Amino acid sequence: MNPVKFQPVIGLEIHVELKTKSKMFCQCSADYFGQKPNTIVCPVCLGLPGALPVPNRRAVEWTILIGQALNCRINQRSKFDRKHYFYPDLPKGYQISQYDEPIASRGWLKLKTQNSKLKTKEIEKKFRIHRVHLEEDTGKLIHKQGDTLIDFNRSGVPLVEIVTEPDFDNAEDVKAFLEELHTIIRYLGVSDANMEEGSMRLEPNISIKVESRKSKVESNDLPKYKVEVKNINSFRFVKQAIEYELERQQELLKKGETPIQETRGFDEKKVQTYSQRSKEQAHDYRYFPEPDIPPMEFSNEEIERIKKMLPVLPSSKYEQLRLQYKLNEPTSHHLTHNISNLKKFEGSVSLIQKDPDLMKIPNINQGTANIIINKTQNQNLSPSQIVDLTRATYLPKETNHSLLSEVINKVILNNPKAVEDYKNGKQNSIMFLIGQVMKQMKGKTDAMVVKKALENELT
Amino acid sequence: MQILGKSIADLQALIGSRKIKVKEVQQYFLKRVRKYNPTLNAFLTVQDQDEMSPINGVLAGIPFAVKDNFCTKGIRTTASSCVLDQFIPPYESTVTMRLLSAGATILGKTNMDAWAHGSSTETSDYGPTKNPWDLTRSPGGSSGGSAAAVSAYLTPAAIGSETAGSIRQPAAWTGVVGLKPSYGRVSRYGVIAMGSSFDCPGPLTLTVKDAAILLGVIAGKDPFDGTSSNIPTADYKTMLKAKKFLTIGIAKEYMEGMEESLKLKIEESLRIFQKLGHRIKTVSLLSPKYAISVYTIIQRAEVSSNLARYDGIRYGNDRTFFAAEAKRRTMLGAYTLSFGYYDAYYKKAQKVRTLIVEDFKRAFKDVDVIVAASTPISALKLGEFAKYPFFGELMDVLNEPAAIAGIPAISVPCGQDKNGLPVGLQIMGNYFDEATILNLAFQFEKETEFFGVIKKGIARYQD
């Protein structure tokens, strides 16, 4: 037998629910999560006889925006199609989706990833986006005591589907790509992209190409099968599912078998995929143009107008953090992908820039970022509180200790509520007490010292 | 006060001048429905309202019948299929909403071919409607119940819907006026979809003026229907008054295969148009036979999709309640949309559809309207339907081109054939130019009084 090489071929389908005010084709609220079943419905999203869909303009604009953020070509002509299949959560017997004329296509996303062989070196890779299209979400089945109930609240919520080319060859890259995509969606503000609530859903398509090592010519043909894994609700699970699948398929291929084309689910507890539906049951969706919705035309002006709505995207933000704020790579990466910390950082930096003393300190931005990342987790601190911490850390002051203990005793006496709260575990209330002490010390001490002294006093 | 045979315009005047009470009008028509509906089977559901709320608007107190494929809030709506036997819509269609807002009241829901699949009302799961002119004959369809109800004066007017011919053909066969507006002129919201890219609601009436009055109420952009048009509506009733002089096109392709006594009536009508000062011009149009193929493919595809929602999970009755015609159409439609067949059937049909649209556009550069018979033959005996699997398509051959192109057309009575049955003449107009076809039909009505056809129809059904 020839020595062979196994080449993983992985593509992704990502569904993102848009957080528009109303649903995709009717005026019902799109904010369905946690609502009483079947209370956010109307003739249109219930698919009642005679009801007609009218597209949500905002959802179309946001899909264009997502396409633009992913460097796609925005198609000047686009249309909706009907995709037919029978399932109890699909009230019309078809889903309004897009078939051959999606809103956006042929995009790409560049990522700095670890080379899987040379673990240390960070290299830039480009992953192609096949298409971005807009469709409607389905209802939800609830299985309860042997019965299946249907909740149509989610029916008709705008759903964007992003399809990549099969450009991935390892689970690590997939995870990095998805994190980047997730961040982009959050920057755009078009979706909560919350995987536990299902507003972002991930489906990798996984197969393995077998290459003879002797044949020098690499074949561009894709494997004759692919396995789609559904129902994955975290990036970590995607990675695990892909790793499991690659292993499983490789075992079969080694035995000379071809894995069957099928849809598999992912069991988070067993960290395994399992068979759900094989190709024999695969659907012929009988797509045809949705006659209830006229085709859409977008002028260049309109596409440009929407492009102007694009915010600074993660890749530019990363560059900005590296070059303008001189932050190191891990910190820049962290802040780029953690929007709440990024906001804290940007707020703090704008204050620091007004403070000549702090500006004299070398690498003060990096220092501030370190404080935010390491010391303020889970604390809802304002930028000025963070700057106080920065100042305390980097501009230590001589402290009159007898005066300090006098002031601390006074503050504890006058603020029994905050003291009580702190003793009951409300960590944040110490910040209030520190503030009170700092005020009475008229700045002639530093916050870290005060914090330490207060903690000693209160425990 | 003699009500028999009064048009909407007559009733508006009588109610407006308080010569007659709204309640009297209501009771009058309910009485007639009770008396004649057991014979005709035109109504599936009758709204027996004792209490009348005060009514304002241009149609104040005018009762109307509506085809059973229009969703009417709180009133059973079946589309004549047992699948929807128990369906009571929680919402109102735009057309009925606009009529109700104008003060009209719903007298009842009329029989039709199940799901509007057919041209004889015989595919109804609730039995066929009888043609008021001859109870052994079909009133046509699918809006057969609406047409028969107007013809026998069980209602002063009715709303029907046309996918291809379902207003004009039964209007012709029962000797009343039937208007199919342009596609997009009248909202489809709340009309149980048959062929979504063709479906057009429209009125069936005793006079052209009534058709203009009703169109004025129901036409116009609807935010709930993305295919409804922004093109402004006109004051159709007022526009009847100024007599237009027109160039009338006739196409020899539409005269082929027509029954001789009908042909004579159409030729007589053309002489009347000439006498009225219009110019007749021969035009050449694509043979209507192409329309049959295009229409069959696209409509079946849309049907197979539109009926998919009746999967047995909602609405009470499951898929076994579908009768043969719906099953046939669903299978054919699903087949033409299947992978590998789409390009050969659906896509090709759409291309030919574009050719038919272009063909009409070209013709309307030379003429203002095109005139033809509404149907190649007059009302057939009940039961004939079973002999032809594509019965509807054959009956509607002269109606399909306009339906495919989405242009407006009106059918008016133009005499009786050798058996004494009504014959219909249709006037097709350019896109959104309902005003012109109504104007010409109105001239024809004034000149001929439709050869007494409408009066003779009503006369068989005395109070």
# chains A, B, ... in the order shown; residues from 1 in each chain; ligands from 1
$ residues_around --residues "segment 111-113 of chain B" --least-positions-apart "4" --cutoff "9 Å" --atoms "only C-alpha atoms" --output "count of residues only"
30
$ select_by_dssp --residues "segment 141-322 of chain A" --states "strand (DSSP E)" --output "PyMOL selection string"
chain A and resi 141-144+147-151+158-164+200-212+227-230+262-267+272-278+288-289+296-297
$ closest_residue --among "A:Arg286, A:Lys175, A:Val227, A:Asp147" --to "chain B" --atoms "only C-alpha atoms"
A:Arg286
$ interface_residues --of "chain B" --to "chain A" --cutoff "9 Å" --atoms "only C-alpha atoms" --output "VMD selection string"
chain B and resid 69 to 71 89 to 91 93 188 to 193 195 to 197 223 to 227 301 to 302 305 to 311 313 to 314 334 to 339 342 346
$ write_last_selection --atoms "N, CA and C atoms" --output "compact mmCIF listing (two decimals), in the first residue's frame"
# COMPACT_ATOMS: atom_id res chain seq x y z
N ASN B 69 -62.44 31.94 -0.64
CA ASN B 69 -60.98 31.91 -0.44
C ASN B 69 -60.46 33.24 0.11
N PHE B 70 -61.38 34.15 0.48
CA PHE B 70 -60.97 35.38 1.15
C PHE B 70 -61.12 35.18 2.66
N CYS B 71 -60.05 35.42 3.41
CA CYS B 71 -60.15 35.27 4.85
C CYS B 71 -61.06 36.35 5.41
N PRO B 89 -60.85 32.20 10.21
CA PRO B 89 -59.67 33.06 10.23
C PRO B 89 -59.71 34.07 11.37
N PRO B 90 -58.54 34.32 11.99
CA PRO B 90 -58.46 35.35 13.02
C PRO B 90 -58.16 36.73 12.43
N TYR B 91 -58.18 36.84 11.11
CA TYR B 91 -57.88 38.14 10.50
C TYR B 91 -58.70 38.33 9.23
N SER B 93 -59.09 39.74 5.28
CA SER B 93 -58.33 40.05 4.06
C SER B 93 -58.43 41.54 3.79
N ARG B 188 -53.59 41.06 -2.49
CA ARG B 188 -53.87 39.64 -2.31
C ARG B 188 -53.84 39.24 -0.84
N TYR B 189 -53.57 40.19 0.04
CA TYR B 189 -53.43 39.83 1.46
C TYR B 189 -54.72 39.22 1.99
N GLY B 190 -54.62 38.02 2.49
CA GLY B 190 -55.80 37.34 3.03
C GLY B 190 -56.55 36.51 2.02
N VAL B 191 -56.07 36.46 0.78
CA VAL B 191 -56.69 35.59 -0.22
C VAL B 191 -55.88 34.30 -0.22
N ILE B 192 -56.54 33.19 0.04
CA ILE B 192 -55.84 31.90 0.11
C ILE B 192 -55.18 31.65 -1.24
N ALA B 193 -53.86 31.58 -1.22
CA ALA B 193 -53.09 31.64 -2.46
C ALA B 193 -53.32 30.41 -3.33
N GLY B 195 -52.23 30.52 -7.45
CA GLY B 195 -51.00 30.81 -8.20
C GLY B 195 -50.58 32.22 -7.84
N SER B 196 -49.63 32.32 -6.91
CA SER B 196 -49.32 33.62 -6.29
C SER B 196 -48.93 34.70 -7.29
N SER B 197 -48.31 34.31 -8.40
CA SER B 197 -47.86 35.34 -9.34
C SER B 197 -48.96 35.71 -10.34
N PRO B 223 -49.74 47.90 2.33
CA PRO B 223 -48.45 47.60 2.97
C PRO B 223 -48.29 46.13 3.34
N PHE B 224 -49.37 45.37 3.34
CA PHE B 224 -49.29 43.95 3.69
C PHE B 224 -49.08 43.06 2.46
N ASP B 225 -49.03 43.67 1.28
CA ASP B 225 -48.78 42.88 0.07
C ASP B 225 -47.65 43.53 -0.72
N GLY B 226 -46.48 42.90 -0.66
CA GLY B 226 -45.30 43.46 -1.32
C GLY B 226 -45.42 43.51 -2.83
N THR B 227 -46.37 42.78 -3.40
CA THR B 227 -46.54 42.81 -4.85
C THR B 227 -47.64 43.78 -5.27
N ALA B 301 -46.55 24.74 -10.12
CA ALA B 301 -45.40 24.88 -9.22
C ALA B 301 -45.80 25.70 -7.99
N GLU B 302 -46.48 26.81 -8.23
CA GLU B 302 -46.89 27.67 -7.11
C GLU B 302 -47.92 26.97 -6.23
N SER B 305 -46.35 24.51 -3.85
CA SER B 305 -45.71 25.22 -2.74
C SER B 305 -46.76 25.80 -1.78
N ASN B 306 -47.79 26.42 -2.35
CA ASN B 306 -48.79 27.08 -1.50
C ASN B 306 -49.61 26.10 -0.66
N LEU B 307 -49.76 24.88 -1.14
CA LEU B 307 -50.55 23.91 -0.38
C LEU B 307 -49.71 23.15 0.65
N ALA B 308 -48.39 23.40 0.64
CA ALA B 308 -47.50 22.65 1.54
C ALA B 308 -47.83 22.91 3.01
N ARG B 309 -48.41 24.07 3.30
CA ARG B 309 -48.67 24.41 4.71
C ARG B 309 -49.80 23.56 5.31
N TYR B 310 -50.60 22.92 4.47
CA TYR B 310 -51.70 22.12 5.01
C TYR B 310 -51.17 20.70 5.26
N ASP B 311 -50.30 20.61 6.26
CA ASP B 311 -49.58 19.37 6.50
C ASP B 311 -50.25 18.50 7.56
N ILE B 313 -50.90 19.38 10.63
CA ILE B 313 -50.56 19.75 12.01
C ILE B 313 -51.50 20.84 12.52
N ARG B 314 -51.85 21.76 11.63
CA ARG B 314 -52.78 22.81 12.02
C ARG B 314 -54.07 22.67 11.19
N ALA B 334 -44.67 19.76 -7.91
CA ALA B 334 -43.48 19.31 -7.19
C ALA B 334 -42.48 18.71 -8.19
N TYR B 335 -43.03 18.01 -9.17
CA TYR B 335 -42.17 17.40 -10.19
C TYR B 335 -41.40 18.47 -10.98
N THR B 336 -42.11 19.49 -11.43
CA THR B 336 -41.44 20.50 -12.27
C THR B 336 -40.41 21.31 -11.47
N LEU B 337 -40.56 21.33 -10.15
CA LEU B 337 -39.59 22.08 -9.34
C LEU B 337 -38.44 21.21 -8.86
N SER B 338 -38.52 19.91 -9.15
CA SER B 338 -37.51 19.00 -8.61
C SER B 338 -36.15 19.24 -9.24
N PHE B 339 -35.14 18.84 -8.49
CA PHE B 339 -33.76 19.00 -8.94
C PHE B 339 -33.57 18.33 -10.29
N TYR B 342 -36.06 21.61 -12.94
CA TYR B 342 -36.39 23.02 -12.77
C TYR B 342 -36.11 23.84 -14.04
N TYR B 346 -39.82 24.91 -15.13
CA TYR B 346 -40.18 26.18 -14.50
C TYR B 346 -39.44 27.36 -15.13
$ residues_around --residues "Val208 of chain B" --least-positions-apart "4" --cutoff "8 Å" --atoms "only C-alpha atoms" --output "PyMOL selection string"
chain B and resi 177+212+438+441-442+445
$ write_last_selection --atoms "C-alpha atoms" --output "CSV table (one decimal), in the first residue's frame"
chain,number,residue,atom,x,y,z
B,177,VAL,CA,-70.0,41.6,-15.6
B,212,ALA,CA,-66.0,50.7,-11.2
B,438,LEU,CA,-64.3,50.1,-18.0
B,441,ALA,CA,-67.4,48.4,-21.5
B,442,PHE,CA,-69.6,51.2,-20.2
B,445,GLU,CA,-73.5,48.6,-21.9
$ residues_around --residues "segment 152-163 of chain A" --least-positions-apart "3" --cutoff "6 Å" --atoms "only C-alpha atoms" --output "PyMOL selection string"
chain A and resi 12-18+23-24+30+32+38+40-41+45+130-139
$ residues_around --residues "segment 63-78 of chain A" --least-positions-apart "6" --cutoff "9 Å" --atoms "only C-alpha atoms" --output "PyMOL selection string"
chain A and resi 18+98+100-109+129-134+160+162+181+184-185+188+190+295-300+303+306-307+309-310+313
$ residues_around --residues "Lys439 of chain A" --least-positions-apart "4" --cutoff "12 Å" --atoms "only C-alpha atoms" --output "ChimeraX atom specification"
/A:404,407-408,411,432-435,443-447,450
$ write_last_selection --atoms "N, CA and C atoms" --output "mmCIF file, in the first residue's frame"
data_model
loop_
_atom_site.group_PDB
_atom_site.id
_atom_site.type_symbol
_atom_site.label_atom_id
_atom_site.label_comp_id
_atom_site.auth_asym_id
_atom_site.auth_seq_id
_atom_site.Cartn_x
_atom_site.Cartn_y
_atom_site.Cartn_z
ATOM 1 N N LEU A 404 -4.058 58.536 58.150
ATOM 2 C CA LEU A 404 -4.851 57.599 57.363
ATOM 3 C C LEU A 404 -5.740 56.733 58.254
ATOM 4 N N VAL A 407 -8.617 58.730 59.531
ATOM 5 C CA VAL A 407 -9.643 58.956 58.492
ATOM 6 C C VAL A 407 -10.441 57.673 58.239
ATOM 7 N N ILE A 408 -9.724 56.565 58.175
ATOM 8 C CA ILE A 408 -10.408 55.293 57.901
ATOM 9 C C ILE A 408 -11.436 54.994 58.982
ATOM 10 N N VAL A 411 -14.434 57.156 58.430
ATOM 11 C CA VAL A 411 -15.231 56.744 57.257
ATOM 12 C C VAL A 411 -16.043 55.481 57.571
ATOM 13 N N PHE A 432 -16.360 52.398 47.050
ATOM 14 C CA PHE A 432 -17.002 53.593 47.585
ATOM 15 C C PHE A 432 -16.251 54.107 48.821
ATOM 16 N N LEU A 433 -15.903 53.160 49.671
ATOM 17 C CA LEU A 433 -15.195 53.540 50.901
ATOM 18 C C LEU A 433 -13.816 54.130 50.583
ATOM 19 N N ILE A 434 -13.138 53.502 49.615
ATOM 20 C CA ILE A 434 -11.830 54.026 49.189
ATOM 21 C C ILE A 434 -11.991 55.476 48.724
ATOM 22 N N GLY A 435 -13.042 55.668 47.943
ATOM 23 C CA GLY A 435 -13.311 57.020 47.426
ATOM 24 C C GLY A 435 -13.480 58.030 48.549
ATOM 25 N N GLY A 443 -6.211 63.465 48.517
ATOM 26 C CA GLY A 443 -5.294 62.947 47.505
ATOM 27 C C GLY A 443 -3.905 62.631 48.026
ATOM 28 N N LYS A 444 -3.672 62.881 49.316
ATOM 29 C CA LYS A 444 -2.300 62.676 49.815
ATOM 30 C C LYS A 444 -2.052 61.238 50.263
ATOM 31 N N THR A 445 -2.479 60.357 49.479
ATOM 32 C CA THR A 445 -2.178 58.942 49.692
ATOM 33 C C THR A 445 -2.472 58.235 48.385
ATOM 34 N N ASP A 446 -2.257 56.923 48.333
ATOM 35 C CA ASP A 446 -2.655 56.282 47.079
ATOM 36 C C ASP A 446 -3.641 55.155 47.325
ATOM 37 N N ALA A 447 -4.465 54.936 46.313
ATOM 38 C CA ALA A 447 -5.657 54.100 46.467
ATOM 39 C C ALA A 447 -5.317 52.669 46.875
ATOM 40 N N VAL A 450 -4.707 52.627 50.517
ATOM 41 C CA VAL A 450 -5.988 52.781 51.217
ATOM 42 C C VAL A 450 -6.748 51.461 51.188
#
$ atom_distance --atom1 "atom CA of Ile458 of chain B" --atom2 "atom CA of Ala152 of chain B"
5.1 Å
